[in-house]
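Shown next: data.cif, given as mmCIF, C-alpha atoms.
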data_upload
loop_
_atom_site.label_atom_id
_atom_site.label_comp_id
_atom_site.auth_asym_id
_atom_site.auth_seq_id
_atom_site.Cartn_x
_atom_site.Cartn_y
_atom_site.Cartn_z
CA MET A 46 114.31 105.40 110.83
CA TYR A 47 113.03 108.83 109.81
CA LEU A 48 115.83 109.22 107.25
CA LYS A 49 115.08 105.77 105.82
CA ARG A 50 111.38 106.58 105.57
CA GLU A 51 112.11 109.91 103.89
CA GLN A 52 114.42 108.21 101.40
CA ALA A 53 111.85 105.52 100.61
CA PHE A 54 108.99 107.88 99.82
CA THR A 55 110.55 110.98 98.27
CA THR A 56 112.73 111.49 95.23
CA ASP A 57 114.70 114.45 96.57
CA SER A 58 115.76 113.10 99.97
CA LEU A 59 119.33 113.14 101.21
CA ARG A 60 121.34 110.47 99.43
CA ILE A 61 123.10 109.24 102.56
CA ASP A 62 123.50 105.49 102.81
CA ILE A 63 123.36 104.62 106.51
CA SER A 64 123.19 100.97 107.52
CA ALA A 65 121.02 99.92 110.46
CA ASP A 66 122.68 96.51 110.73
CA LYS A 67 124.72 97.36 113.83
CA ILE A 68 122.13 99.40 115.66
CA LYS A 69 121.27 97.77 118.97
CA ALA A 70 117.58 97.15 119.47
CA PRO A 71 116.03 98.95 122.45
CA GLY A 72 115.20 96.99 125.56
CA GLU A 73 111.86 96.88 127.32
CA VAL A 74 111.24 99.44 130.04
CA ILE A 75 108.84 98.21 132.73
CA GLU A 76 107.82 100.20 135.78
CA ASN A 77 105.59 98.83 138.54
CA GLY A 78 104.71 95.90 136.33
CA LYS A 79 103.54 98.18 133.52
CA LEU A 80 105.22 98.26 130.11
CA ILE A 81 106.45 101.79 129.43
CA PHE A 82 108.49 101.13 126.27
CA SER A 83 108.52 97.94 124.23
CA ASN A 84 111.58 96.40 122.60
CA ALA A 85 110.27 97.71 119.25
CA MET A 86 110.96 94.45 117.46
CA TYR A 87 109.38 95.97 114.35
CA ALA A 88 111.98 98.77 114.09
CA LYS A 89 114.79 96.86 112.34
CA PRO A 90 112.51 95.21 109.73
CA GLU A 91 110.84 98.57 109.12
CA CYS A 92 114.19 100.29 108.51
CA ASP A 93 115.32 97.44 106.27
CA LEU A 94 112.15 97.68 104.17
CA PHE A 95 112.53 101.45 103.82
CA HIS A 96 116.12 100.95 102.70
CA LEU A 97 115.05 98.24 100.26
CA ILE A 98 112.44 100.52 98.68
CA TRP A 99 115.02 103.29 98.41
CA GLU A 100 117.53 100.95 96.78
CA ILE A 101 114.94 99.78 94.25
CA LYS A 102 113.90 103.32 93.35
CA LYS A 103 117.42 104.67 92.94
CA ALA A 104 118.90 101.58 91.30
CA SER A 105 120.52 102.49 88.01
CA CYS A 106 123.43 100.08 87.94
CA LYS A 107 121.97 97.05 89.69
CA SER A 108 120.46 94.19 87.75
CA MET A 109 117.00 92.79 88.36
CA THR A 110 118.66 89.64 89.69
CA GLN A 111 120.64 91.61 92.27
CA LEU A 112 117.58 93.53 93.42
CA THR A 113 115.48 90.37 93.60
CA LEU A 114 118.08 88.63 95.75
CA TYR A 115 118.26 91.68 98.00
CA LEU A 116 114.47 91.77 98.32
CA ARG A 117 114.35 88.09 99.25
CA SER A 118 117.11 88.59 101.80
CA VAL A 119 115.30 91.49 103.50
CA HIS A 120 111.97 89.67 103.50
CA SER A 121 113.48 86.47 104.89
CA LYS A 122 114.95 88.31 107.90
CA ILE A 123 111.60 89.61 109.12
CA PRO A 124 110.64 87.58 112.23
CA ARG A 125 107.87 85.14 111.40
CA GLU A 126 105.85 86.26 114.41
CA LEU A 127 105.48 89.68 112.80
CA LEU A 128 104.11 88.38 109.50
CA LEU A 129 100.39 88.56 108.73
CA VAL A 130 99.85 86.28 105.75
CA ALA A 131 96.33 85.43 104.61
CA ASP A 132 95.50 82.11 102.98
CA SER A 133 94.13 83.93 99.94
CA GLN A 134 95.64 86.97 98.28
CA ILE A 135 92.24 88.37 97.31
CA THR A 136 90.20 88.26 100.49
CA LEU A 137 90.45 87.65 104.22
CA THR A 138 88.53 84.78 105.75
CA ASN A 139 87.30 84.36 109.32
CA PRO A 140 90.24 82.02 110.08
CA ASP A 141 92.58 84.77 108.82
CA TYR A 142 90.96 87.26 111.21
CA SER A 143 91.30 84.84 114.11
CA ARG A 144 94.92 84.03 113.29
CA PHE A 145 95.89 87.68 112.89
CA LEU A 146 94.23 88.72 116.14
CA THR A 147 95.83 85.82 118.02
CA SER A 148 99.24 86.78 116.66
CA LEU A 149 98.79 90.46 117.48
CA ALA A 150 97.56 89.68 121.00
CA SER A 151 101.13 88.75 121.98
CA ILE A 152 102.51 92.09 120.77
CA PRO A 153 102.55 95.28 122.88
CA LYS A 154 99.44 97.22 121.94
CA ALA A 155 101.33 100.38 121.03
CA ASP A 156 103.36 98.40 118.45
CA ILE A 157 100.38 96.93 116.60
CA GLU A 158 100.01 99.71 114.04
CA CYS A 159 103.73 99.45 113.30
CA ILE A 160 103.44 95.71 112.67
CA VAL A 161 100.78 96.19 110.02
CA TYR A 162 102.93 98.91 108.47
CA VAL A 163 105.81 96.44 108.19
CA ASN A 164 103.54 93.92 106.46
CA ILE A 165 102.06 96.47 104.09
CA ASN A 166 105.50 97.78 103.10
CA LEU A 167 106.73 94.23 102.60
CA HIS A 168 104.17 93.80 99.83
CA ALA A 169 104.72 97.34 98.54
CA SER A 170 108.42 96.65 98.06
CA THR A 171 107.59 93.61 95.92
CA SER A 172 105.22 95.64 93.78
CA ILE A 173 107.71 98.49 93.35
CA LEU A 174 110.38 96.04 92.22
CA TYR A 175 108.24 94.30 89.60
CA ARG A 176 106.12 97.24 88.40
CA PRO A 177 108.55 98.32 85.62
CA LEU A 178 108.24 94.84 84.13
CA LEU A 179 104.47 95.02 84.53
CA TYR A 180 104.50 98.13 82.32
CA LEU A 181 105.92 96.09 79.45
CA SER A 182 102.57 94.33 79.16
CA SER A 183 101.08 97.47 77.58
CA LEU A 184 103.57 97.65 74.71
CA SER A 185 102.71 96.27 71.30
CA CYS A 186 106.31 95.09 70.87
CA CYS A 187 105.85 92.95 73.98
CA ASN A 188 102.88 91.05 72.63
CA PRO A 189 103.44 87.40 73.59
CA LYS A 190 103.57 86.36 69.93
CA PHE A 191 106.76 88.40 69.54
CA LEU A 192 108.43 87.09 72.68
CA SER A 193 110.23 83.91 73.59
CA MET A 194 108.69 81.67 76.23
CA GLU A 195 111.35 82.84 78.67
CA LYS A 196 110.50 86.52 78.22
CA GLN A 197 106.78 85.80 78.40
CA ALA A 198 107.38 84.07 81.73
CA VAL A 199 109.27 87.10 83.05
CA ILE A 200 106.41 89.49 82.29
CA SER A 201 103.74 87.06 83.50
CA HIS A 202 105.62 86.62 86.76
CA ALA A 203 105.83 90.39 87.21
CA ILE A 204 102.09 90.74 86.60
CA ASP A 205 101.35 88.04 89.17
CA GLN A 206 103.70 89.55 91.76
CA CYS A 207 102.27 93.05 91.39
CA LEU A 208 98.66 91.91 91.52
CA GLU A 209 99.21 89.65 94.51
CA SER A 210 101.03 92.43 96.36
CA ALA A 211 98.30 94.95 95.56
CA HIS A 212 95.55 92.62 96.78
CA ARG A 213 97.41 91.79 99.99
CA ILE A 214 98.07 95.47 100.74
CA VAL A 215 94.39 96.30 100.40
CA CYS A 216 93.30 93.26 102.43
CA LEU A 217 95.61 94.17 105.31
CA TYR A 218 94.49 97.78 105.30
CA LEU A 219 90.82 96.78 105.25
CA PHE A 220 91.46 94.34 108.10
CA PHE A 221 92.75 97.13 110.30
CA LEU A 222 89.94 99.48 109.33
CA ASP A 223 87.43 96.73 110.06
CA VAL A 224 88.87 95.96 113.49
CA TRP A 225 89.36 99.64 114.30
CA LYS A 226 85.85 100.90 113.55
CA GLY A 227 84.07 98.35 111.37
CA ARG A 228 82.02 95.21 111.85
CA ALA A 229 84.90 93.42 113.59
CA LYS A 230 85.72 96.07 116.21
CA HIS A 231 83.96 94.01 118.89
CA LYS A 232 86.68 91.35 118.53
CA VAL A 233 89.31 93.39 120.37
CA PRO A 234 88.91 95.29 123.66
CA HIS A 235 91.26 98.14 122.73
CA ASN A 236 90.64 98.65 119.05
CA GLU A 237 92.19 102.13 119.06
CA TYR A 238 95.53 100.36 118.78
CA TYR A 239 94.44 98.94 115.44
CA LYS A 240 94.20 102.32 113.77
CA PRO A 241 96.30 102.21 110.56
CA ARG A 242 99.20 104.66 110.32
CA TYR A 243 98.67 107.51 107.88
CA MET A 244 101.99 106.67 106.21
CA ALA A 245 100.35 103.54 104.79
CA VAL A 246 98.89 105.82 102.11
CA TYR A 247 102.04 105.30 100.02
CA ALA A 248 101.55 101.54 99.89
CA ILE A 249 97.83 101.99 99.21
CA PHE A 250 98.69 104.30 96.32
CA GLU A 251 101.12 101.68 95.02
CA SER A 252 98.32 99.11 94.95
CA MET A 253 95.98 101.55 93.19
CA ILE A 254 98.59 102.16 90.48
CA VAL A 255 98.75 98.43 89.84
CA PHE A 256 94.97 97.99 89.73
CA TRP A 257 94.58 100.99 87.42
CA PHE A 258 97.31 99.82 85.06
CA VAL A 259 96.01 96.26 84.84
CA SER A 260 92.46 97.49 84.22
CA CYS A 261 93.18 100.36 81.84
CA ARG A 262 96.57 99.91 80.19
CA MET A 263 97.63 96.28 80.12
CA ASP A 264 97.06 94.46 76.84
CA PRO A 265 94.09 92.09 77.43
CA ILE A 266 96.07 89.27 75.84
CA TRP A 267 98.03 89.03 79.08
#
Take the structure in this file and express it as structure tokens.
Amino acid sequence: MYLKREQAFTTDSLRIDISADKIKAPGEVIENGKLIFSNAMYAKPECDLFHLIWEIKKASCKSMTQLTLYLRSVHSKIPRELLLVADSQITLTNPDYSRFLTSLASIPKADIECIVYVNINLHASTSILYRPLLYLSSLSCCNPKFLSMEKQAVISHAIDQCLESAHRIVCLYLFFLDVWKGRAKHKVPHNEYYKPRYMAVYAIFESMIVFWFVSCRMDPIW
């Protein structure tokens, strides 16, 4: 996992392609009725997302279609019980809070911060994939009046995907900050387990890049 994480977030990491497909998931360790180690059900999705981000960043010979299919494949294999999906991409509602907390209540407390990391990186991978197409919206040669309807749709879709991902990343991060030490911390008895991992800063930075670009560089016509 550490190699995959290093590859995903640095440009000078070891270029060793190791598959996690055949790694056996750990089993639970329980002693005297107390959970010592969980089955770490987040570990495989986390490794897969790191590998996906690495593949997107280093891709020089793969088409957008190939990368999109790979992204969809990785995302579709994440267990549904690990997904935290809000009804709105822009804000979290009280029902979202209740649903997230109910879902996380069934997960070992020590794994909670890892689950949010999986969800944040899921959205970050989408943004990283579509961001190069988002950049086209700043070019004068890519003004919609010069493009076919098909090419306009490609750029518009990229803009939508990046913005939705950025909003969802921020919403998830704010949810964990709120439950950890904000106005919602009374909703969980052990809110120290809801402390976001520091490694989430990479996904947060990804969302800030998108917001900055859309606000300051994208042609308003889009």
Next item on the list: Might you pull out every residue within 10 Å of region 199-203 of chain A, with only C-alpha atoms counted and same-chain residues fewer than 4 positions away left off, and present them as a ChimeraX atom specification?
Entry: /A:171-172,174-182,187,189,194-195,207-209,267
Centre and size of axis-aligned box enclosing region 91-110 of chain A plus 8 Å each side, as AutoDock Vina command-line options:
--center_x 117.1 --center_y 97.2 --center_z 98.4 --size_x 28.6 --size_y 31.0 --size_z 37.4
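Nearest to Cys159 (chain A) of all the residues A:Ile254, A:Met86, A:Leu112, A:Ile101 is A:Met86, counting only C-alpha atoms.
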Margin query: I need the residue nearest Ile173 (chain A) from this list: A:Trp99, A:Trp225, A:Phe145, A:Phe256. Use all atoms listed in the file for the distance.
Written below: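 The answer is A:Trp99, which sits nearest to Ile173 (chain A).
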Next item on the list: Check which residues satisfy the PyMOL selection byres ((chain A and resi 115) around 12) in the file shown, then give them as a list of chain:residue names.
Entry: A:Asp93, A:Leu94, A:His96, A:Leu97, A:Ile98, A:Glu100, A:Ile101, A:Ala104, A:Lys107, A:Ser108, A:Met109, A:Thr110, A:Gln111, A:Leu112, A:Thr113, A:Leu114, A:Leu116, A:Arg117, A:Ser118, A:Val119, A:His120, A:Ser121, A:Lys122, A:Ser170, A:Thr171, A:Leu174
Saved selection, atoms kept: C-alpha atoms, as a PDB file, in the frame of the given file:
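The result, written out as part.pdb:
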ATOM      1  CA  ASP A  93     115.320  97.440 106.270  1.00  0.00           C
ATOM      2  CA  LEU A  94     112.150  97.680 104.170  1.00  0.00           C
ATOM      3  CA  HIS A  96     116.120 100.950 102.700  1.00  0.00           C
ATOM      4  CA  LEU A  97     115.050  98.240 100.260  1.00  0.00           C
ATOM      5  CA  ILE A  98     112.440 100.520  98.680  1.00  0.00           C
ATOM      6  CA  GLU A 100     117.530 100.950  96.780  1.00  0.00           C
ATOM      7  CA  ILE A 101     114.940  99.780  94.250  1.00  0.00           C
ATOM      8  CA  ALA A 104     118.900 101.580  91.300  1.00  0.00           C
ATOM      9  CA  LYS A 107     121.970  97.050  89.690  1.00  0.00           C
ATOM     10  CA  SER A 108     120.460  94.190  87.750  1.00  0.00           C
ATOM     11  CA  MET A 109     117.000  92.790  88.360  1.00  0.00           C
ATOM     12  CA  THR A 110     118.660  89.640  89.690  1.00  0.00           C
ATOM     13  CA  GLN A 111     120.640  91.610  92.270  1.00  0.00           C
ATOM     14  CA  LEU A 112     117.580  93.530  93.420  1.00  0.00           C
ATOM     15  CA  THR A 113     115.480  90.370  93.600  1.00  0.00           C
ATOM     16  CA  LEU A 114     118.080  88.630  95.750  1.00  0.00           C
ATOM     17  CA  LEU A 116     114.470  91.770  98.320  1.00  0.00           C
ATOM     18  CA  ARG A 117     114.350  88.090  99.250  1.00  0.00           C
ATOM     19  CA  SER A 118     117.110  88.590 101.800  1.00  0.00           C
ATOM     20  CA  VAL A 119     115.300  91.490 103.500  1.00  0.00           C
ATOM     21  CA  HIS A 120     111.970  89.670 103.500  1.00  0.00           C
ATOM     22  CA  SER A 121     113.480  86.470 104.890  1.00  0.00           C
ATOM     23  CA  LYS A 122     114.950  88.310 107.900  1.00  0.00           C
ATOM     24  CA  SER A 170     108.420  96.650  98.060  1.00  0.00           C
ATOM     25  CA  THR A 171     107.590  93.610  95.920  1.00  0.00           C
ATOM     26  CA  LEU A 174     110.380  96.040  92.220  1.00  0.00           C
TER      27      LEU A 174
END
Next item on the list: Kindly extract all protein, DNA and RNA residues lying within 10 Å of the coordinates (87.8, 90.7, 108.3) given in the file, considering all atoms listed in the file, and supply them as a VMD selection string.
Entry: chain A and resid 136 to 143 145 216 to 217 219 to 224 227 to 230
Checklist line | For Tyr247 (chain A), the nearest of the candidates A:Ala169, A:Ala211, A:Met263, A:Ala198, counting only C-alpha atoms | finding: A:Ala169
Notebook entry, point to check: Smallest atom-to-atom distance to Ile214 (chain A): which of A:His231, A:His168, A:Lys102, A:Lys190, using all atoms listed in the file?
Noted result: A:His168
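Of the residues listed (A:Phe95, A:Val163, A:Asp264, A:Ile152), A:Val163 shows the shortest atom-to-atom separation from Leu128 (chain A); distances use only C-alpha atoms.
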Note to self: Between CA of Phe258 (chain A) and CA of Val215 (chain A), what distance in Å does the model show, to one decimal?
What the structure shows: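 Between these atoms lies a distance of 16.0 Å.
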Next item on the list: Kindly indicate which residue among A:Leu184, A:Ile160, A:Val259, A:Met253 lies nearest to Pro90 (chain A), using all atoms listed in the file for the distances.
Entry: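 For Pro90 (chain A), the nearest of the candidates is A:Ile160.
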Note to self: Could you tell me how far CA of Glu126 (chain A) sits from CA of Asp156 (chain A), in Å to one decimal place?
What the structure shows: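 Pair CA of Asp156 (chain A) / CA of Glu126 (chain A) returns 13.0 Å.
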Check: Hey, can you check how far CA of Gln134 (chain A) sits from CA of Tyr87 (chain A)?
Finding: 23.0 Å
